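Worksheet: one structure, shown below.
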Protein chains: 2
Amino acid sequence: MTTDVLHDLALALPGVSLATDSTTLAAYAKDQGPVQDLVDPLAVVWAETVADVQNIMRWASRTNTAVVPRGAGTGVSGGAHATRNCIVLSLEKMNRILEIRAGDELAVVEPGVINADLNEAVRPHGLMYAPDPASYRISTIGGNVATNAGGLRCAKYGVTRDSVLALDVVLADGTLIRTGHTTFKGVAGYDLTGLFTGSEGTLGVVVGITVRLRYLPREVCTVAAFFPDFRTAAAGVLAVGAARVQPAIMELLDGATMAALDGAHGSDLGTRGGALLLIQTDGFGAEAEADAVRTVLSGLGGTVSSAGSAEAERLVELRRHSRGDAVDHELRVGEDVAVPRSQLVHYVAELERMARDHGVRLKVVAHAGDGNLHPTFWVSTAEGAAGAARLDAALDESITVALGLGGTITGEHGVGQFKLRWLAQEQQAEVLELQRRVKAVFDPAGILNPGKAIPGA
Amino acid sequence: MTTDVLHDLALALPGVSLATDSTTLAAYAKDQGPVQDLVDPLAVVWAETVADVQNIMRWASRTNTAVVPRGAGTGVSGGAHATRNCIVLSLEKMNRILEIRAGDELAVVEPGVINADLNEAVRPHGLMYAPDPASYRISTIGGNVATNAGGLRCAKYGVTRDSVLALDVVLADGTLIRTGHTTFKGVAGYDLTGLFTGSEGTLGVVVGITVRLRYLPREVCTVAAFFPDFRTAAAGVLAVGAARVQPAIMELLDGATMAALDGAHGSDLGTRGGALLLIQTDGFGAEAEADAVRTVLSGLGGTVSSAGSAEAERLVELRRHSRGDAVDHELRVGEDVAVPRSQLVHYVAELERMARDHGVRLKVVAHAGDGNLHPTFWVSTAEGAAGAARLDAALDESITVALGLGGTITGEHGVGQFKLRWLAQEQQAEVLELQRRVKAVFDPAGILNPGKAIPGA
């Protein structure tokens with residue numbers, strides 16, 4: 001059966017790159033999310049054109065084969081994990097920037113374009129593509145759209161959805177549709193662009209993306225503020241808002257995160273406080289905003305960097321490029337819950353309690369401007385199944401408590417495969433059922449990325 | 001039959017306000033959009049609670065009665081026009097602000113809350129609700145959500161969708177669901193909040209809205225610049241962008257609009273130029289941005305107001321409060337197409353040509369920062385059917401040309417009933433069909449605002 005399907009695939013797609021060797025299958029079996037049930041795909045195919053994607057989906061519809069669309073595989077919720085008897089459809093070769101229209105502040109790209117490459121290309125026009133997940137140097141715009149990726153700058157510039165104007169999408173049956181508009185505003189019909197953005201490849205395969213660009217800020221100012229503890233640093237977050245400053249970036253690091261950075265980079269952050277708040281302001285008001293930030297944070301007892309501090313800038317870059325640290329002898333899971341901003345302090349205190357209760361290690365960094373937290377829990381792999389169970393229990397409780405505070409199970413990573421077990425805690429049965437039925441409109445046979453994003457039928 | 005239905009309605013909804021007198025029916029038969037086929041509703045009911053809305057929808061489902069949800073009736077695309085054998089469900093009495101959470105920068109409101117009333121209520125907290133359609137003093141947040149309303153400030157702060165975090169929605173069968181999250185970011189499941197926003201009451205009845213608030217800007221600066229003609233003023237729009245200024249408001253008025261203002265207010269704008277660009281900057285950088293704007297626009301030959309000009313501020317207020325002017329002896333239709341920003345000049349030249357070709361009058365004002373135009377065409381009512389036909393022909397051509405330039409038929413008003421005839425020119429058949437099927441998921445019997453937003457089956 002499997003051999004038949006693959007034979008048929010090769011016949012149906014002459015000239016399309018296809019691999020079935022075990023090394024390739026293993027490499028494309030998972031993304032960077034936690035794996036609970038590792039399976040290899042039947043094959044990996046690389047589309048190079050929209051027509052390739054259409055042919056692949058027509059073949060998949062005809063043979064009722066599951067398709068897992070994949071960008072760079074940098075997702076962290078398992079949205080691109082292979083599932084049983086699936087093929088992986090890689091979009092990484094569709095990596096051309098098709099158009100840059102500086103006067104219209106927009107660009108049209110294929111899904112495999114790397115986020116940083118787009119920024120590189122538009123910089124000479126004085127423009128930027130704002131969404132900047134920590135993976136921006138390796139992740140694709142298509143993948144960013146699939147997960148509605150966030151990042152550091154979304155405190156000011158919004159998430160991926162806010163920069164997507166229009167999408168070209170191949171549906172499960174191979175039909176090519178276009179959603180949205182090439183204007184900044186547009187309200188004709190339902191917001192299908194928003195529906196596809198963040199749908200993790202379960203409704204269609206995004207093959208073209210029209211993004212809104214923004215002018216590069218004239219000026220950027222950075223402030224680093226050390227606080228004795230997390231509580232006072234988090235109070236700083238609210239105080240900056242109340243001072244009516246709109247930071248482009250507002251990151252909050254706890255003591256354990258500072259210790260990890262000290263360990264990795266030989267710095268002495270840990271000797272200077274128990275929590276670190278990093279704030280970047282940009283635009284014409286950047287300096288005035290940074291001044292206001294320094295005044296506010298000093299007033300709260302923060303030890304604040306001086307204007308133009310090179311260290312502050314270096315710390316933001318360190319933070320920007322940290323995507324968690326894989327350690328061989330540790331089992332780690334990074335989370336991305338979000339809570340209403342006023343609950344940051346309370347929630348982190350709860351996380352610390354959970355870490356003690358469950359006997360797991362914890363560090364926390366937060367996109368504090370958005371109330372979006374990245375707690376990382378870990379245990380030693382030497383503890384085996386018992387350690388893993390404690391880690392799981394801590395994760396479960398971290399979700400339950402976040403939801404109790406009015407939070408969400410995922411602020412920016414997506415539900416993927418890994419977070420599916422928590423979705424029904426956040427969303428009522430009727431809402432889950434509506435989503436199943438919406439999915440059925442676009443993908444009646446359920447061949448697009450099954451078992452991801454929403455619970456199956 | 002009709003009498004039976006109404007008798008049943010009164011029985012099913014004891015204590016709910018209901019009117020069937022001809023004066024009330026006539027008053028609720030239409031919104032402020034053009035009317036092509038005036039029909040009275042069977043009845044008007046006023047919900048005061050979520051339970052009322054649920055009961056009304058259960059009754060409507062049982063009796064297969066069409067329901068037209070209605071806020072303040074200030075829409076201009078006929079989204080709240082009554083249709084045959086419908087009841088109008090007014091949400092205007094559900095007008096309580098349920099919660100203001102300043103620390104979380106959010107508020108929870110009922111759908112009938114007037115936009116300006118919410119702003120009034122949050123101002124003491126140093127906060128604002130950003131979306132500001134010209135109707136903001138009379139339109140409801142629920143209506144703003146239904147149309148995904150824009151406004152002046154969306155150049156910087158985005159449209160209604162960008163300020164909606166969560167929705168409580170009653171579905172066609174009376175089921176109450178909650179979409180979205182009370183955090184700034186959240187990617188759990190499909191974006192149903194975005195799907196409902198702008199769906200014009202065709203997918204569900206919005207009964208609760210959690211909105212994101214923003215801190216009131218510390219400072220606001222206003223610049224007025226007179227230009228010899230529209231072309232140079234529109235060049236100013238692009239130049240301001242290239243100077244990397246992000247205006248909060250950027251409005252462009254043509255000579256005919258200036259003449260209309262002169263006629264209404266006794267001013268002398270028309271003697272000072274052929275086009276007027278009004279720009280407001282806000283935040284910590286407001287002054288520096290306004291300086292940059294003045295430099296750029298002077299360089300392009302604009303006659304620019306000095307810093308702190310009271311006249312410039314007055315002109316923005318005039319523009320902000322102008323919602324078109326009904327004139328008894330004229331047949332007028334205001335449009336809201338949007339085009340890519342670089343096409344503003346070309347499109348307005350085309351509009352002027354069309355006005356000549358079709359023998360209709362024209363004035364144009366644009367939310368220039370978004371490429372969103374409000375051309376108004378008019379003829380004298382004395383010209384009867386011939387004039388109306390010429391007006392229609394001009395409208396049709398204005399849409400076709402906008403689409404040819406990569407534009408959209410509606411930037412912020414919504415499709416409603418009036419713009420439905422043009423939707424198939426913008427969206428392909430497959431996309432229309434998908435929307436019909438999405439609608440069927442939420443409203444299988446098609447009782448929710450039939451004949452609006454998307455073409456019927």
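Chains: A, B, ... in order of the structure tokens. Residues: from 1 per chain. Ligands: from 1, in order shown.
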
Given a cut-off of 6 Å, which residues of chain B touch chain A, counting only C-alpha atoms, written out as a PDB file with N, CA, C and O atoms, in the first residue's frame?
ATOM      1  N   GLY B 103      -4.931  48.643  34.419  1.00  0.00           N
ATOM      2  CA  GLY B 103      -3.615  47.995  34.443  1.00  0.00           C
ATOM      3  C   GLY B 103      -3.428  47.038  33.289  1.00  0.00           C
ATOM      4  O   GLY B 103      -2.306  46.842  32.796  1.00  0.00           O
ATOM      5  N   ASP B 104      -4.525  46.431  32.860  1.00  0.00           N
ATOM      6  CA  ASP B 104      -4.459  45.497  31.729  1.00  0.00           C
ATOM      7  C   ASP B 104      -4.736  46.189  30.398  1.00  0.00           C
ATOM      8  O   ASP B 104      -4.728  45.529  29.351  1.00  0.00           O
ATOM      9  N   THR B 183      -5.885  38.631  26.793  1.00  0.00           N
ATOM     10  CA  THR B 183      -4.475  39.008  26.751  1.00  0.00           C
ATOM     11  C   THR B 183      -4.224  39.672  25.401  1.00  0.00           C
ATOM     12  O   THR B 183      -4.996  39.503  24.465  1.00  0.00           O
ATOM     13  N   PHE B 184      -3.124  40.428  25.305  1.00  0.00           N
ATOM     14  CA  PHE B 184      -2.852  41.126  24.046  1.00  0.00           C
ATOM     15  C   PHE B 184      -2.537  40.127  22.934  1.00  0.00           C
ATOM     16  O   PHE B 184      -2.852  40.369  21.771  1.00  0.00           O
ATOM     17  N   LYS B 185      -1.860  39.051  23.286  1.00  0.00           N
ATOM     18  CA  LYS B 185      -1.519  38.050  22.295  1.00  0.00           C
ATOM     19  C   LYS B 185      -2.205  36.736  22.642  1.00  0.00           C
ATOM     20  O   LYS B 185      -2.441  36.437  23.804  1.00  0.00           O
ATOM     21  N   GLY B 186      -2.458  35.925  21.631  1.00  0.00           N
ATOM     22  CA  GLY B 186      -3.061  34.629  21.876  1.00  0.00           C
ATOM     23  C   GLY B 186      -3.320  33.949  20.556  1.00  0.00           C
ATOM     24  O   GLY B 186      -3.905  34.552  19.658  1.00  0.00           O
ATOM     25  N   VAL B 187      -2.842  32.722  20.411  1.00  0.00           N
ATOM     26  CA  VAL B 187      -2.968  32.025  19.127  1.00  0.00           C
ATOM     27  C   VAL B 187      -3.580  30.642  19.291  1.00  0.00           C
ATOM     28  O   VAL B 187      -3.340  29.752  18.470  1.00  0.00           O
ATOM     29  N   ALA B 188      -4.376  30.463  20.337  1.00  0.00           N
ATOM     30  CA  ALA B 188      -5.023  29.168  20.541  1.00  0.00           C
ATOM     31  C   ALA B 188      -6.207  29.025  19.592  1.00  0.00           C
ATOM     32  O   ALA B 188      -7.161  29.787  19.668  1.00  0.00           O
ATOM     33  N   GLY B 189      -6.127  28.057  18.692  1.00  0.00           N
ATOM     34  CA  GLY B 189      -7.241  27.808  17.778  1.00  0.00           C
ATOM     35  C   GLY B 189      -7.313  28.846  16.661  1.00  0.00           C
ATOM     36  O   GLY B 189      -6.445  29.711  16.526  1.00  0.00           O
ATOM     37  N   TYR B 190      -8.354  28.710  15.855  1.00  0.00           N
ATOM     38  CA  TYR B 190      -8.530  29.617  14.728  1.00  0.00           C
ATOM     39  C   TYR B 190      -8.985  30.996  15.208  1.00  0.00           C
ATOM     40  O   TYR B 190      -9.586  31.129  16.267  1.00  0.00           O
ATOM     41  N   ASP B 191      -8.748  31.994  14.394  1.00  0.00           N
ATOM     42  CA  ASP B 191      -9.067  33.365  14.767  1.00  0.00           C
ATOM     43  C   ASP B 191     -10.552  33.662  14.524  1.00  0.00           C
ATOM     44  O   ASP B 191     -10.920  34.386  13.597  1.00  0.00           O
ATOM     45  N   LEU B 195     -12.881  36.531  12.501  1.00  0.00           N
ATOM     46  CA  LEU B 195     -13.927  36.108  11.573  1.00  0.00           C
ATOM     47  C   LEU B 195     -15.240  36.836  11.866  1.00  0.00           C
ATOM     48  O   LEU B 195     -15.937  37.297  10.951  1.00  0.00           O
ATOM     49  N   SER B 199     -18.126  40.818  10.064  1.00  0.00           N
ATOM     50  CA  SER B 199     -19.044  39.886   9.395  1.00  0.00           C
ATOM     51  C   SER B 199     -20.482  40.420   9.378  1.00  0.00           C
ATOM     52  O   SER B 199     -21.399  39.730   8.942  1.00  0.00           O
ATOM     53  N   TYR B 215      -2.790  53.903  25.840  1.00  0.00           N
ATOM     54  CA  TYR B 215      -2.554  55.105  26.622  1.00  0.00           C
ATOM     55  C   TYR B 215      -2.745  56.339  25.744  1.00  0.00           C
ATOM     56  O   TYR B 215      -2.324  56.355  24.588  1.00  0.00           O
ATOM     57  N   ARG B 244       9.902  58.644   7.328  1.00  0.00           N
ATOM     58  CA  ARG B 244       9.740  57.693   8.437  1.00  0.00           C
ATOM     59  C   ARG B 244       8.899  58.241   9.581  1.00  0.00           C
ATOM     60  O   ARG B 244       9.037  57.827  10.717  1.00  0.00           O
ATOM     61  N   PHE B 284       5.407  60.864  22.345  1.00  0.00           N
ATOM     62  CA  PHE B 284       6.614  61.574  22.795  1.00  0.00           C
ATOM     63  C   PHE B 284       7.336  62.264  21.629  1.00  0.00           C
ATOM     64  O   PHE B 284       8.023  63.245  21.825  1.00  0.00           O
ATOM     65  N   GLY B 285       7.182  61.720  20.422  1.00  0.00           N
ATOM     66  CA  GLY B 285       7.898  62.285  19.288  1.00  0.00           C
ATOM     67  C   GLY B 285       7.070  63.264  18.482  1.00  0.00           C
ATOM     68  O   GLY B 285       7.484  63.682  17.394  1.00  0.00           O
ATOM     69  N   VAL B 339      -7.046  52.042  -2.276  1.00  0.00           N
ATOM     70  CA  VAL B 339      -6.070  51.640  -3.300  1.00  0.00           C
ATOM     71  C   VAL B 339      -4.676  51.632  -2.654  1.00  0.00           C
ATOM     72  O   VAL B 339      -4.474  52.278  -1.624  1.00  0.00           O
ATOM     73  N   PRO B 340      -3.740  50.892  -3.250  1.00  0.00           N
ATOM     74  CA  PRO B 340      -2.363  51.001  -2.756  1.00  0.00           C
ATOM     75  C   PRO B 340      -1.963  52.471  -2.767  1.00  0.00           C
ATOM     76  O   PRO B 340      -2.316  53.205  -3.700  1.00  0.00           O
ATOM     77  N   ARG B 341      -1.236  52.876  -1.755  1.00  0.00           N
ATOM     78  CA  ARG B 341      -1.021  54.300  -1.524  1.00  0.00           C
ATOM     79  C   ARG B 341      -0.393  55.035  -2.703  1.00  0.00           C
ATOM     80  O   ARG B 341      -0.704  56.194  -2.955  1.00  0.00           O
ATOM     81  N   SER B 342       0.476  54.334  -3.400  1.00  0.00           N
ATOM     82  CA  SER B 342       1.161  54.989  -4.522  1.00  0.00           C
ATOM     83  C   SER B 342       0.193  55.308  -5.668  1.00  0.00           C
ATOM     84  O   SER B 342       0.527  56.050  -6.580  1.00  0.00           O
ATOM     85  N   ASP B 370      -3.744  55.498   4.699  1.00  0.00           N
ATOM     86  CA  ASP B 370      -4.161  54.129   4.394  1.00  0.00           C
ATOM     87  C   ASP B 370      -4.540  53.930   2.941  1.00  0.00           C
ATOM     88  O   ASP B 370      -4.953  52.838   2.565  1.00  0.00           O
ATOM     89  N   THR B 410     -14.255  48.160  -0.599  1.00  0.00           N
ATOM     90  CA  THR B 410     -14.628  48.797   0.660  1.00  0.00           C
ATOM     91  C   THR B 410     -13.475  48.747   1.655  1.00  0.00           C
ATOM     92  O   THR B 410     -13.043  47.674   2.064  1.00  0.00           O
ATOM     93  N   GLY B 411     -13.006  49.925   2.007  1.00  0.00           N
ATOM     94  CA  GLY B 411     -11.887  50.001   2.945  1.00  0.00           C
ATOM     95  C   GLY B 411     -12.330  49.934   4.386  1.00  0.00           C
ATOM     96  O   GLY B 411     -11.603  49.432   5.240  1.00  0.00           O
ATOM     97  N   GLU B 412     -13.561  50.445   4.670  1.00  0.00           N
ATOM     98  CA  GLU B 412     -13.960  50.491   6.076  1.00  0.00           C
ATOM     99  C   GLU B 412     -15.467  50.509   6.313  1.00  0.00           C
ATOM    100  O   GLU B 412     -15.896  50.347   7.444  1.00  0.00           O
ATOM    101  N   GLY B 414     -17.812  48.423   4.935  1.00  0.00           N
ATOM    102  CA  GLY B 414     -18.444  47.116   4.866  1.00  0.00           C
ATOM    103  C   GLY B 414     -19.242  46.955   3.575  1.00  0.00           C
ATOM    104  O   GLY B 414     -19.627  47.944   2.927  1.00  0.00           O
ATOM    105  N   VAL B 415     -19.506  45.720   3.222  1.00  0.00           N
ATOM    106  CA  VAL B 415     -20.236  45.405   1.992  1.00  0.00           C
ATOM    107  C   VAL B 415     -21.731  45.676   2.181  1.00  0.00           C
ATOM    108  O   VAL B 415     -22.393  46.221   1.300  1.00  0.00           O
ATOM    109  N   ALA B 453     -23.278  41.341   3.311  1.00  0.00           N
ATOM    110  CA  ALA B 453     -21.854  40.968   3.489  1.00  0.00           C
ATOM    111  C   ALA B 453     -21.318  39.998   2.440  1.00  0.00           C
ATOM    112  O   ALA B 453     -20.254  40.208   1.880  1.00  0.00           O
ATOM    113  N   ILE B 454     -21.988  38.904   2.219  1.00  0.00           N
ATOM    114  CA  ILE B 454     -21.574  37.959   1.176  1.00  0.00           C
ATOM    115  C   ILE B 454     -22.801  37.573   0.360  1.00  0.00           C
ATOM    116  O   ILE B 454     -23.922  37.638   0.862  1.00  0.00           O
TER     117      ILE B 454
END

Residue contacts of stretch 11-22 of chain B (8 Å, only C-alpha atoms) excluding same-chain residues fewer than 6 positions away, as a list of chain:residue names: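 Everything that qualifies: B:Leu42, B:Ala43, B:Val44, B:Val45, B:Trp46, B:Ala47, B:Glu48, B:Asp52, B:Asn55, B:Ile56, B:Trp59.
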
Would you mind exporting all heavy atoms of the selected residues as a compact mmCIF listing (two decimals), in the first residue's frame?
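Below is the file out37.txt, written as the result:
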# COMPACT_ATOMS: atom_id res chain seq x y z
N LEU B 42 -41.00 43.12 10.31
CA LEU B 42 -42.26 42.71 10.95
C LEU B 42 -42.39 43.34 12.33
O LEU B 42 -43.48 43.68 12.77
CB LEU B 42 -42.29 41.18 11.11
CG LEU B 42 -42.20 40.32 9.86
CD1 LEU B 42 -42.25 38.85 10.25
CD2 LEU B 42 -43.34 40.67 8.90
N ALA B 43 -41.24 43.46 12.98
CA ALA B 43 -41.24 43.98 14.35
C ALA B 43 -39.83 44.43 14.70
O ALA B 43 -38.87 44.04 14.04
CB ALA B 43 -41.69 42.88 15.34
N VAL B 44 -39.77 45.25 15.72
CA VAL B 44 -38.47 45.62 16.30
C VAL B 44 -38.46 45.11 17.73
O VAL B 44 -39.43 45.33 18.46
CB VAL B 44 -38.25 47.15 16.29
CG1 VAL B 44 -36.89 47.50 16.89
CG2 VAL B 44 -38.41 47.71 14.88
N VAL B 45 -37.40 44.40 18.10
CA VAL B 45 -37.27 43.97 19.51
C VAL B 45 -35.99 44.55 20.07
O VAL B 45 -34.97 44.65 19.37
CB VAL B 45 -37.25 42.43 19.67
CG1 VAL B 45 -38.61 41.84 19.37
CG2 VAL B 45 -36.18 41.81 18.79
N TRP B 46 -36.05 44.94 21.33
CA TRP B 46 -34.87 45.50 22.00
C TRP B 46 -34.39 44.52 23.07
O TRP B 46 -35.10 44.29 24.06
CB TRP B 46 -35.22 46.83 22.66
CG TRP B 46 -35.43 47.95 21.71
CD1 TRP B 46 -34.50 48.87 21.31
CD2 TRP B 46 -36.64 48.30 21.04
NE1 TRP B 46 -35.05 49.75 20.42
CE2 TRP B 46 -36.36 49.44 20.23
CE3 TRP B 46 -37.94 47.76 21.00
CZ2 TRP B 46 -37.34 50.05 19.43
CZ3 TRP B 46 -38.89 48.36 20.21
CH2 TRP B 46 -38.59 49.49 19.43
N ALA B 47 -33.23 43.96 22.87
CA ALA B 47 -32.67 43.08 23.89
C ALA B 47 -32.04 43.93 24.99
O ALA B 47 -31.45 44.98 24.70
CB ALA B 47 -31.62 42.17 23.27
N GLU B 48 -32.17 43.49 26.22
CA GLU B 48 -31.51 44.20 27.31
C GLU B 48 -30.47 43.33 27.99
O GLU B 48 -29.65 43.82 28.76
CB GLU B 48 -32.56 44.70 28.32
CG GLU B 48 -33.44 45.76 27.69
CD GLU B 48 -34.42 46.40 28.67
OE1 GLU B 48 -34.03 46.64 29.83
OE2 GLU B 48 -35.57 46.63 28.26
N ASP B 52 -31.83 37.70 26.73
CA ASP B 52 -32.83 38.18 25.77
C ASP B 52 -32.41 37.81 24.35
O ASP B 52 -33.21 37.32 23.55
CB ASP B 52 -32.95 39.72 25.83
CG ASP B 52 -33.75 40.20 27.03
OD1 ASP B 52 -34.39 39.37 27.70
OD2 ASP B 52 -33.73 41.43 27.28
N ASN B 55 -32.84 34.16 23.74
CA ASN B 55 -34.26 33.80 23.58
C ASN B 55 -34.78 34.23 22.21
O ASN B 55 -35.53 33.49 21.56
CB ASN B 55 -35.10 34.44 24.68
CG ASN B 55 -34.90 33.73 26.01
OD1 ASN B 55 -34.59 32.53 26.03
ND2 ASN B 55 -35.04 34.45 27.10
N ILE B 56 -34.38 35.41 21.80
CA ILE B 56 -34.84 35.91 20.50
C ILE B 56 -34.31 35.01 19.38
O ILE B 56 -35.04 34.64 18.45
CB ILE B 56 -34.38 37.38 20.31
CG1 ILE B 56 -35.16 38.29 21.26
CG2 ILE B 56 -34.58 37.81 18.85
CD1 ILE B 56 -34.55 39.67 21.45
N TRP B 59 -36.12 31.69 19.34
CA TRP B 59 -37.43 31.87 18.71
C TRP B 59 -37.28 31.99 17.19
O TRP B 59 -38.02 31.37 16.42
CB TRP B 59 -38.10 33.13 19.30
CG TRP B 59 -39.30 33.54 18.50
CD1 TRP B 59 -40.57 33.06 18.61
CD2 TRP B 59 -39.30 34.47 17.41
NE1 TRP B 59 -41.37 33.63 17.67
CE2 TRP B 59 -40.62 34.51 16.92
CE3 TRP B 59 -38.34 35.28 16.81
CZ2 TRP B 59 -41.01 35.32 15.86
CZ3 TRP B 59 -38.71 36.09 15.75
CH2 TRP B 59 -40.02 36.11 15.28

Within 12 Å of B:Pro69, counting only C-alpha atoms, which residues show up once you throw out same-chain ones fewer than 5 positions away? Write them as a PyMOL selection string, please. chain B and resi 28-31+41+44-47+53+56-57+75+78-83+86-92+111-112+142-143+146+170-172+199-207+447-450+452

Looking only at the backbone, which of the residues in stretch 49-150 of chain A does DSSP tag as alpha helix (DSSP H), as a ChimeraX atom specification? /A:50-63,115-122,141-147

Take atom CA of B:Arg153 and atom CA of B:Gly208 and report the distance between them in Å, one decimal. 23.6 Å

Residue neighbourhood A:Ala393, 8 Å, only C-alpha atoms, exclusion window fewer than 4 positions, as a list in words: His358, Ala389 and Glu397 of chain A

Enumerate, as a ChimeraX atom specification, the complete set of residues in stretch 24-117 of chain A that a backbone-based DSSP assignment places in strand (DSSP E). /A:43-46,66-70,86-90,97-101,106-109

Determine, counting only C-alpha atoms, which protein, DNA and RNA residues have an atom within 9 Å of an atom of A:Arg294; residues of the same chain fewer than 5 positions away are not included. Present the result as a list in words.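 Residues meeting the cut-off are Val223, Ala224, Ala225, Glu289, Gly299, Gly302, Val304, Ser305, Ser306 and Ala307 of chain A.
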
May I have the residues from that selection written out with C-alpha atoms, as an mmCIF file, in the first residue's frame?
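That gives us out-v7.cif:
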data_model
loop_
_atom_site.group_PDB
_atom_site.id
_atom_site.type_symbol
_atom_site.label_atom_id
_atom_site.label_comp_id
_atom_site.auth_asym_id
_atom_site.auth_seq_id
_atom_site.Cartn_x
_atom_site.Cartn_y
_atom_site.Cartn_z
ATOM 1 C CA VAL A 223 17.446 50.897 28.675
ATOM 2 C CA ALA A 224 18.525 48.072 30.977
ATOM 3 C CA ALA A 225 17.286 48.158 34.548
ATOM 4 C CA GLU A 289 10.619 57.927 25.838
ATOM 5 C CA GLY A 299 11.948 55.892 40.983
ATOM 6 C CA GLY A 302 15.831 50.057 39.556
ATOM 7 C CA VAL A 304 19.205 51.937 35.314
ATOM 8 C CA SER A 305 21.704 52.079 32.442
ATOM 9 C CA SER A 306 22.769 55.494 31.217
ATOM 10 C CA ALA A 307 21.801 56.874 27.814
#

Which residues, written as a ChimeraX atom specification, have at least one atom at most 12 Å from stretch 375-388 of chain A, with only C-alpha atoms counted and residues fewer than 6 positions away on the same chain left out? /A:36,252-254,256-257,260,323-338,344,347-352,354-356,358-367,394-399,402,410

Using only C-alpha atoms, please write the residues we just selected to a file, as a CSV table (one decimal), in the first residue's frame.
chain,number,residue,atom,x,y,z
A,36,GLN,CA,5.7,12.5,22.1
A,252,LEU,CA,11.7,40.8,31.6
A,253,LEU,CA,14.3,38.3,32.7
A,254,ASP,CA,14.2,36.5,36.1
A,256,ALA,CA,17.5,32.1,36.9
A,257,THR,CA,17.6,33.4,33.3
A,260,ALA,CA,21.9,31.0,32.7
A,323,ARG,CA,15.9,30.5,21.8
A,324,GLY,CA,16.3,28.3,24.8
A,325,ASP,CA,19.3,26.2,25.4
A,326,ALA,CA,19.3,22.5,24.7
A,327,VAL,CA,21.3,20.7,27.3
A,328,ASP,CA,22.1,17.1,26.8
A,329,HIS,CA,21.5,15.8,30.3
A,330,GLU,CA,18.4,17.9,30.9
A,331,LEU,CA,14.8,17.5,29.8
A,332,ARG,CA,13.5,20.9,29.1
A,333,VAL,CA,10.2,22.4,28.0
A,334,GLY,CA,9.7,26.0,27.2
A,335,GLU,CA,6.2,27.5,27.4
A,336,ASP,CA,4.5,30.6,26.0
A,337,VAL,CA,1.4,31.3,28.0
A,338,ALA,CA,0.1,34.8,28.2
A,344,LEU,CA,2.5,39.0,35.7
A,347,TYR,CA,1.7,34.4,37.9
A,348,VAL,CA,5.5,34.3,38.3
A,349,ALA,CA,5.2,33.8,42.0
A,350,GLU,CA,2.8,30.9,41.3
A,351,LEU,CA,5.3,29.4,38.8
A,352,GLU,CA,8.0,29.5,41.5
A,354,MET,CA,5.0,25.1,41.3
A,355,ALA,CA,8.7,24.5,40.6
A,356,ARG,CA,9.2,23.9,44.3
A,358,HIS,CA,7.0,19.5,41.7
A,359,GLY,CA,10.7,19.5,42.3
A,360,VAL,CA,11.6,21.0,38.9
A,361,ARG,CA,13.9,23.8,37.9
A,362,LEU,CA,12.5,27.0,36.4
A,363,LYS,CA,13.6,30.1,34.6
A,364,VAL,CA,11.3,32.8,33.2
A,365,VAL,CA,11.6,35.4,30.5
A,366,ALA,CA,8.7,37.4,29.4
A,367,HIS,CA,7.6,39.7,26.6
A,394,ALA,CA,4.4,21.3,36.6
A,395,LEU,CA,3.5,22.1,32.9
A,396,ASP,CA,-0.1,21.1,33.4
A,397,GLU,CA,-0.4,23.2,36.5
A,398,SER,CA,1.3,26.2,34.9
A,399,ILE,CA,-1.4,26.1,32.2
A,402,ALA,CA,-2.6,30.8,33.7
A,410,THR,CA,-0.3,29.9,23.9

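The gap separating atom CA of A:Ile249 from atom CA of A:Val237 is 11.2 Å, in Å to one decimal.
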
What does the distance from atom CA of B:Asp37 to atom CA of B:Phe418 come to in Å, to one decimal? 10.3 Å

So which residues touch A:Ala72 within 7 Å, counting only C-alpha atoms, skipping near sequence neighbours fewer than 2 positions away, as a list in words? Arg70, Thr74, Glu92, Ile138, Ser139 and Thr140 of chain A

Take the residues from that selection and put them in a file with N, CA and C atoms, as a tab-separated table (two decimals), in the first residue's frame.
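What ended up in part_14.tsv:
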chain	number	residue	atom	x	y	z
A	70	ARG	N	5.51	22.33	5.72
A	70	ARG	CA	6.66	22.64	6.58
A	70	ARG	C	7.50	23.76	5.97
A	74	THR	N	11.24	25.21	12.42
A	74	THR	CA	11.73	25.81	13.66
A	74	THR	C	10.63	26.01	14.69
A	92	GLU	N	10.50	25.06	1.64
A	92	GLU	CA	11.73	25.83	1.83
A	92	GLU	C	12.39	26.28	0.52
A	138	ILE	N	16.37	32.11	11.10
A	138	ILE	CA	16.25	30.77	10.50
A	138	ILE	C	14.83	30.38	10.11
A	139	SER	N	13.84	31.13	10.59
A	139	SER	CA	12.46	30.71	10.29
A	139	SER	C	11.94	31.40	9.04
A	140	THR	N	10.92	30.79	8.43
A	140	THR	CA	10.38	31.32	7.18
A	140	THR	C	9.14	32.17	7.44

If you count only C-alpha atoms, the residue of A:Glu251, A:Asp173, A:Glu313, A:Asp268 closest to A:Cys221 turns out to be A:Glu313
